[in-house]
Amino acid sequence: MSMTDTRPPALLTTSGLVFLGVLGAAAVLVPALNLLTAPDNALHVPTYVVSLLGKYLTYALLALSVDLIWGYVGILSLGHGAFFALGGYAMGMYLMRQIGPRGVYGDPVLPDFMVFLNWKELPWFWYGFDLFPFAALMVLLAPGILALVFGWFAFRSRVTGVYLSIITQAMTFALLLAFFRNDMGFGGNNGLTDFKDILGFNIQADGTRVVLFVLSAVALGLGYVLCRFLVRSHFGKVLVAIRDAETRVRFTGYRAENYKLVAFVVSAMLAGIAGALYVPQVGIINPSEFSPANSIEIIVWVAVGGRGTLVGAALGAVLVNYAKTYFTSGLLAPYWLFMLGGLFVAVTLFLPKGIVGTFYDWRARRRASDDIPGAEPAATPKPAE
């Protein structure tokens with residue numbers, strides 16, 4: 001491509017096609033090996049592994065949503081777990097309404113925790129959650145509206161950098177404290193659990209678990225394509241320009257706050273979808289999902305995989321959470337947080353572009369060297385801090 005060629009880059013690069021190919025293969029092979037092989041078969045994938053892999057995929061979608069705003073807009077959100085949790089609570093409320101008289105106290109309308117706390121009637125904000133379409137709409141609207149309101153005030157006030165990161169963390173901590181209260185009507189510190197079925201299907205059945213896994217894979221694939229479409233468009237170029245030099249973008253006449261707000265809301269909605277898929281697979285949602293530590297951990301996933309690469313964010317989420325599952329089940333369990341912190345420090349010092357970002361950089365240098373024999377590899381620009 002010549003220097004004067006203004007055509008946008010391809011929607012799907014080679015790495016993107018490989019990513020979607022692996023995701024598609026997993027969406028076919030994992031269910032097949034779970035449902036079509038005997039439990040004593042060496043190739044059999046147990047149902048608990050299917051649910052575990054599905055959880056990893058929801059984390060990958062969450063990491064993708066963070067990479068959209070951090071890697072391409074420069075917004076370091078330390079409170080993105082709030083949007084994930086709100087989407088999870090919206091789905092959890094639907095699942096609680098589906099229990100009906102099968103609860104411990106047998107009340108056909110009130111969830112068990114409300115009966116235990118002597119609630120006399122269903123709160124108004126629980127109305128409609130007995131309908132799946134309404135719950136699905138709230139999965140998008142709850143985090144989307146919060147992001148819209150928060151972003152509108154923050155971006156129009158031109159809050160940036162570490163100050164924005166701090167107030168995003170304050171936001172999720174405030175929600176953590178609010179949802180811990182029993183009088184909020186969301187189950188208090190115990191949260192929502194003991195789900196029975198979803199859309200009439202037993203939530204513990206192997207077939208349901210497989211469908212949830214496939215839906216998680218599809219959501220991740222569609223989320224990647226959406227993010228890739230956004231960042232390769234003119235809109236995405238403006239986002240990158242805002243990341244690198246917001247003041248200059250404003251001087252050229254662009255309303256930078258509007259672009260940031262749109263990206264922030266889209267990112268929050270993707271996080272909400274991830275939370276909604278996460279809850280039926282793990283079987284619980286409680287206020288701990290609002291913990292600021294969880295949001296910080298998401299940043300580690302993206303940094304490890306590669307900020308500003310999309311594929312790297314998803315890969316980092318899967319790798320770090322697999323390591324978390326592996327190392328928190330043995331003798332090293334008490335030291336996991338130290339290992340996670342050490343991993344973040346090591347990546348910052350030795351792989352500042354993450355795994356995928358470093359690979360992209362190496363590949364670009366190699367191609368530059370091959371195109372001009374005997375020439376030194378061209379220096380690539382460093383990502384914005």
# chains A, B, ... in the order shown; residues from 1 in each chain; ligands from 1

call {"tool": "select_by_dssp", "arguments": {"residues": "region 72-160 of chain A", "states": "helix (DSSP H, G or I)", "output": "MDAnalysis selection string"}}
result
chainID A and resid 72:73 81:97 100:102 112:116 124:126 132:156

call {"tool": "residues_around", "arguments": {"residues": "Arg307 (chain A)", "least_positions_apart": "5", "cutoff": "8 Å", "atoms": "only C-alpha atoms", "output": "NGL selection string"}}
result
:A and (67 or 70-71 or 302 or 312-313 or 353-354 or 357)

call {"tool": "residues_around", "arguments": {"residues": "region 91-103 of chain A", "least_positions_apart": "4", "cutoff": "8 Å", "atoms": "only C-alpha atoms", "output": "list in words"}}
result
Gly87, Asp107, Pro108, Val109, Leu110, Pro111, Asp112, Trp126, Phe129, Asp130, Leu131, Phe132, Ala135, Ala136, Val139, Leu192, Thr193, Asp194, Phe195, Lys196, Asp197, Ile198, Ala276, Val279, Pro280, Ile284 and Ile285 of chain A

call {"tool": "write_last_selection", "arguments": {"atoms": "C-alpha atoms", "output": "PDB file, in the first residue's frame"}}
result
ATOM      1  CA  GLY A  87     -25.091  -6.803  33.496  1.00  0.00           C
ATOM      2  CA  ASP A 107     -43.271 -17.780  47.641  1.00  0.00           C
ATOM      3  CA  PRO A 108     -44.385 -17.595  43.982  1.00  0.00           C
ATOM      4  CA  VAL A 109     -43.308 -13.949  43.582  1.00  0.00           C
ATOM      5  CA  LEU A 110     -40.755 -12.904  46.189  1.00  0.00           C
ATOM      6  CA  PRO A 111     -37.209 -14.349  46.044  1.00  0.00           C
ATOM      7  CA  ASP A 112     -36.101 -16.220  49.159  1.00  0.00           C
ATOM      8  CA  TRP A 126     -37.888  -5.888  39.940  1.00  0.00           C
ATOM      9  CA  PHE A 129     -37.588  -9.216  35.105  1.00  0.00           C
ATOM     10  CA  ASP A 130     -39.829 -12.247  34.791  1.00  0.00           C
ATOM     11  CA  LEU A 131     -39.596 -11.628  31.021  1.00  0.00           C
ATOM     12  CA  PHE A 132     -36.356 -12.528  29.271  1.00  0.00           C
ATOM     13  CA  ALA A 135     -33.956  -8.614  31.233  1.00  0.00           C
ATOM     14  CA  ALA A 136     -31.846  -8.751  28.055  1.00  0.00           C
ATOM     15  CA  VAL A 139     -28.328  -6.042  30.457  1.00  0.00           C
ATOM     16  CA  LEU A 192     -28.363 -13.716  43.981  1.00  0.00           C
ATOM     17  CA  THR A 193     -27.957 -17.486  43.672  1.00  0.00           C
ATOM     18  CA  ASP A 194     -29.731 -20.872  43.691  1.00  0.00           C
ATOM     19  CA  PHE A 195     -30.846 -20.446  40.075  1.00  0.00           C
ATOM     20  CA  LYS A 196     -33.040 -23.207  38.664  1.00  0.00           C
ATOM     21  CA  ASP A 197     -33.519 -22.683  34.935  1.00  0.00           C
ATOM     22  CA  ILE A 198     -33.167 -20.234  32.062  1.00  0.00           C
ATOM     23  CA  ALA A 276     -24.916 -11.538  31.797  1.00  0.00           C
ATOM     24  CA  VAL A 279     -23.757 -15.348  35.906  1.00  0.00           C
ATOM     25  CA  PRO A 280     -25.658 -18.453  34.681  1.00  0.00           C
ATOM     26  CA  ILE A 284     -24.037 -16.594  41.552  1.00  0.00           C
ATOM     27  CA  ILE A 285     -23.668 -12.821  41.444  1.00  0.00           C
TER      28      ILE A 285
END

call {"tool": "residues_around", "arguments": {"residues": "Gly144 (chain A)", "least_positions_apart": "4", "cutoff": "9 Å", "atoms": "only C-alpha atoms", "output": "PDB file with N, CA and C atoms, in the first residue's frame"}}
result
ATOM      1  N   PHE A  83     -19.680  -2.217  35.404  1.00  0.00           N
ATOM      2  CA  PHE A  83     -20.557  -2.482  34.255  1.00  0.00           C
ATOM      3  C   PHE A  83     -20.766  -3.986  34.073  1.00  0.00           C
ATOM      4  N   VAL A 139     -29.750  -5.676  30.506  1.00  0.00           N
ATOM      5  CA  VAL A 139     -28.328  -6.042  30.457  1.00  0.00           C
ATOM      6  C   VAL A 139     -27.537  -4.975  29.705  1.00  0.00           C
ATOM      7  N   LEU A 140     -28.148  -4.402  28.683  1.00  0.00           N
ATOM      8  CA  LEU A 140     -27.502  -3.341  27.906  1.00  0.00           C
ATOM      9  C   LEU A 140     -27.725  -1.967  28.515  1.00  0.00           C
ATOM     10  N   LEU A 148     -23.162   6.399  30.333  1.00  0.00           N
ATOM     11  CA  LEU A 148     -23.556   7.635  29.668  1.00  0.00           C
ATOM     12  C   LEU A 148     -23.552   8.803  30.653  1.00  0.00           C
ATOM     13  N   VAL A 149     -24.162   8.599  31.813  1.00  0.00           N
ATOM     14  CA  VAL A 149     -24.235   9.674  32.812  1.00  0.00           C
ATOM     15  C   VAL A 149     -22.845   9.993  33.357  1.00  0.00           C
ATOM     16  N   PHE A 264     -16.997   4.893  25.345  1.00  0.00           N
ATOM     17  CA  PHE A 264     -17.166   4.472  26.740  1.00  0.00           C
ATOM     18  C   PHE A 264     -18.483   3.723  26.926  1.00  0.00           C
ATOM     19  N   VAL A 265     -19.546   4.210  26.309  1.00  0.00           N
ATOM     20  CA  VAL A 265     -20.851   3.564  26.438  1.00  0.00           C
ATOM     21  C   VAL A 265     -20.841   2.204  25.746  1.00  0.00           C
ATOM     22  N   VAL A 266     -20.267   2.125  24.544  1.00  0.00           N
ATOM     23  CA  VAL A 266     -20.178   0.840  23.838  1.00  0.00           C
ATOM     24  C   VAL A 266     -19.379  -0.157  24.664  1.00  0.00           C
ATOM     25  N   SER A 267     -18.276   0.305  25.242  1.00  0.00           N
ATOM     26  CA  SER A 267     -17.448  -0.561  26.079  1.00  0.00           C
ATOM     27  C   SER A 267     -18.222  -1.066  27.283  1.00  0.00           C
ATOM     28  N   ALA A 268     -19.001  -0.191  27.919  1.00  0.00           N
ATOM     29  CA  ALA A 268     -19.791  -0.591  29.089  1.00  0.00           C
ATOM     30  C   ALA A 268     -20.838  -1.626  28.716  1.00  0.00           C
ATOM     31  N   MET A 269     -21.485  -1.474  27.565  1.00  0.00           N
ATOM     32  CA  MET A 269     -22.495  -2.436  27.131  1.00  0.00           C
ATOM     33  C   MET A 269     -21.872  -3.801  26.855  1.00  0.00           C
ATOM     34  N   GLY A 272     -21.379  -5.377  30.101  1.00  0.00           N
ATOM     35  CA  GLY A 272     -22.645  -5.867  30.625  1.00  0.00           C
ATOM     36  C   GLY A 272     -23.043  -7.202  30.026  1.00  0.00           C
TER      37      GLY A 272
END

call {"tool": "residues_around", "arguments": {"residues": "Ser291 (chain A)", "least_positions_apart": "4", "cutoff": "10 Å", "atoms": "only C-alpha atoms", "output": "ChimeraX atom specification"}}
result
/A:79,81-82,85,169,172-177,287,295-296

call {"tool": "write_last_selection", "arguments": {"atoms": "N, CA and C atoms", "output": "compact mmCIF listing (two decimals), in the first residue's frame"}}
result
# COMPACT_ATOMS: atom_id res chain seq x y z
N GLY A 79 -12.72 0.99 37.03
CA GLY A 79 -14.02 0.65 37.59
C GLY A 79 -14.89 -0.09 36.61
N GLY A 81 -15.35 -3.13 36.25
CA GLY A 81 -16.06 -4.24 36.85
C GLY A 81 -17.49 -3.88 37.23
N ALA A 82 -17.76 -2.58 37.41
CA ALA A 82 -19.11 -2.14 37.76
C ALA A 82 -20.09 -2.45 36.63
N ALA A 85 -20.69 -6.17 36.52
CA ALA A 85 -21.57 -6.60 37.60
C ALA A 85 -23.01 -6.20 37.36
N GLN A 169 -12.72 4.30 39.81
CA GLN A 169 -12.58 3.37 40.93
C GLN A 169 -13.50 3.75 42.08
N THR A 172 -17.10 2.44 41.28
CA THR A 172 -17.37 1.02 41.52
C THR A 172 -17.34 0.71 43.01
N PHE A 173 -16.52 1.43 43.79
CA PHE A 173 -16.49 1.20 45.24
C PHE A 173 -17.80 1.67 45.88
N ALA A 174 -18.33 2.78 45.38
CA ALA A 174 -19.62 3.26 45.89
C ALA A 174 -20.73 2.25 45.61
N LEU A 175 -20.71 1.67 44.43
CA LEU A 175 -21.70 0.65 44.08
C LEU A 175 -21.51 -0.60 44.94
N LEU A 176 -20.27 -0.94 45.22
CA LEU A 176 -19.98 -2.08 46.10
C LEU A 176 -20.65 -1.88 47.46
N LEU A 177 -20.47 -0.71 48.04
CA LEU A 177 -21.05 -0.43 49.35
C LEU A 177 -22.58 -0.42 49.29
N PRO A 287 -22.07 -8.68 45.52
CA PRO A 287 -21.38 -7.39 45.44
C PRO A 287 -19.87 -7.46 45.27
N SER A 295 -11.55 -4.87 39.08
CA SER A 295 -11.35 -3.99 37.93
C SER A 295 -9.86 -3.81 37.62
N ILE A 296 -9.05 -3.75 38.67
CA ILE A 296 -7.60 -3.64 38.45
C ILE A 296 -7.06 -4.90 37.79

call {"tool": "closest_atom_pairs", "arguments": {"of": "region 130-209 of chain A", "to": "region 46-51 of chain A", "cutoff": "12 Å", "atoms": "only C-alpha atoms", "output": "CSV"}}
result
residue,atom,partner,partner_atom,distance
A:Ile203,CA,A:Ser51,CA,11.2
A:Gln204,CA,A:Thr47,CA,9.4
A:Ala205,CA,A:Thr47,CA,8.9
A:Asp206,CA,A:Thr47,CA,6.1
A:Gly207,CA,A:Thr47,CA,9.1
A:Thr208,CA,A:Ser51,CA,10.0
A:Arg209,CA,A:Ser51,CA,6.3

call {"tool": "write_last_selection", "arguments": {"atoms": "N, CA, C and O atoms", "output": "mmCIF file, in the first residue's frame"}}
result
data_model
loop_
_atom_site.group_PDB
_atom_site.id
_atom_site.type_symbol
_atom_site.label_atom_id
_atom_site.label_comp_id
_atom_site.auth_asym_id
_atom_site.auth_seq_id
_atom_site.Cartn_x
_atom_site.Cartn_y
_atom_site.Cartn_z
ATOM 1 N N ILE A 203 -30.754 -25.143 34.326
ATOM 2 C CA ILE A 203 -29.476 -24.447 34.185
ATOM 3 C C ILE A 203 -28.292 -25.341 34.518
ATOM 4 O O ILE A 203 -27.151 -25.038 34.151
ATOM 5 N N GLN A 204 -28.539 -26.472 35.212
ATOM 6 C CA GLN A 204 -27.466 -27.396 35.563
ATOM 7 C C GLN A 204 -27.267 -28.498 34.533
ATOM 8 O O GLN A 204 -26.300 -29.252 34.621
ATOM 9 N N ALA A 205 -28.162 -28.586 33.565
ATOM 10 C CA ALA A 205 -28.075 -29.663 32.574
ATOM 11 C C ALA A 205 -26.870 -29.478 31.664
ATOM 12 O O ALA A 205 -26.461 -28.351 31.363
ATOM 13 N N ASP A 206 -26.321 -30.608 31.196
ATOM 14 C CA ASP A 206 -25.153 -30.553 30.316
ATOM 15 C C ASP A 206 -25.454 -29.759 29.050
ATOM 16 O O ASP A 206 -24.629 -28.941 28.610
ATOM 17 N N GLY A 207 -26.623 -29.983 28.472
ATOM 18 C CA GLY A 207 -26.979 -29.285 27.242
ATOM 19 C C GLY A 207 -27.055 -27.781 27.433
ATOM 20 O O GLY A 207 -26.615 -27.002 26.577
ATOM 21 N N THR A 208 -27.593 -27.347 28.569
ATOM 22 C CA THR A 208 -27.689 -25.914 28.851
ATOM 23 C C THR A 208 -26.305 -25.312 29.017
ATOM 24 O O THR A 208 -26.023 -24.209 28.520
ATOM 25 N N ARG A 209 -25.433 -26.014 29.700
ATOM 26 C CA ARG A 209 -24.068 -25.536 29.893
ATOM 27 C C ARG A 209 -23.338 -25.388 28.559
ATOM 28 O O ARG A 209 -22.588 -24.429 28.339
#

call {"tool": "closest_residue", "arguments": {"among": "A:Arg156, A:His80, A:Arg363, A:Arg228", "to": "Tyr259 (chain A)", "atoms": "only C-alpha atoms"}}
result
A:Arg156

call {"tool": "atom_distance", "arguments": {"atom1": "CA of Ala241 (chain A)", "atom2": "CA of Lys260 (chain A)"}}
result
11.2 Å

call {"tool": "atom_distance", "arguments": {"atom1": "CA of Phe290 (chain A)", "atom2": "CA of Leu164 (chain A)"}}
result
17.5 Å

call {"tool": "closest_residue", "arguments": {"among": "A:Trp301, A:Tyr72, A:Phe327, A:Trp336", "to": "Val238 (chain A)", "atoms": "only C-alpha atoms"}}
result
A:Tyr72

call {"tool": "atom_distance", "arguments": {"atom1": "CA of Ile355 (chain A)", "atom2": "CA of Tyr163 (chain A)"}}
result
28.1 Å

call {"tool": "closest_residue", "arguments": {"among": "A:Leu277, A:Arg181, A:Asp40, A:Ala90", "to": "Tyr127 (chain A)", "atoms": "only C-alpha atoms"}}
result
A:Ala90

call {"tool": "select_by_dssp", "arguments": {"residues": "region 173-327 of chain A", "states": "strand (DSSP E)", "output": "number ranges by chain"}}
result
A: 192-193, 197-198, 201-202, 284-285
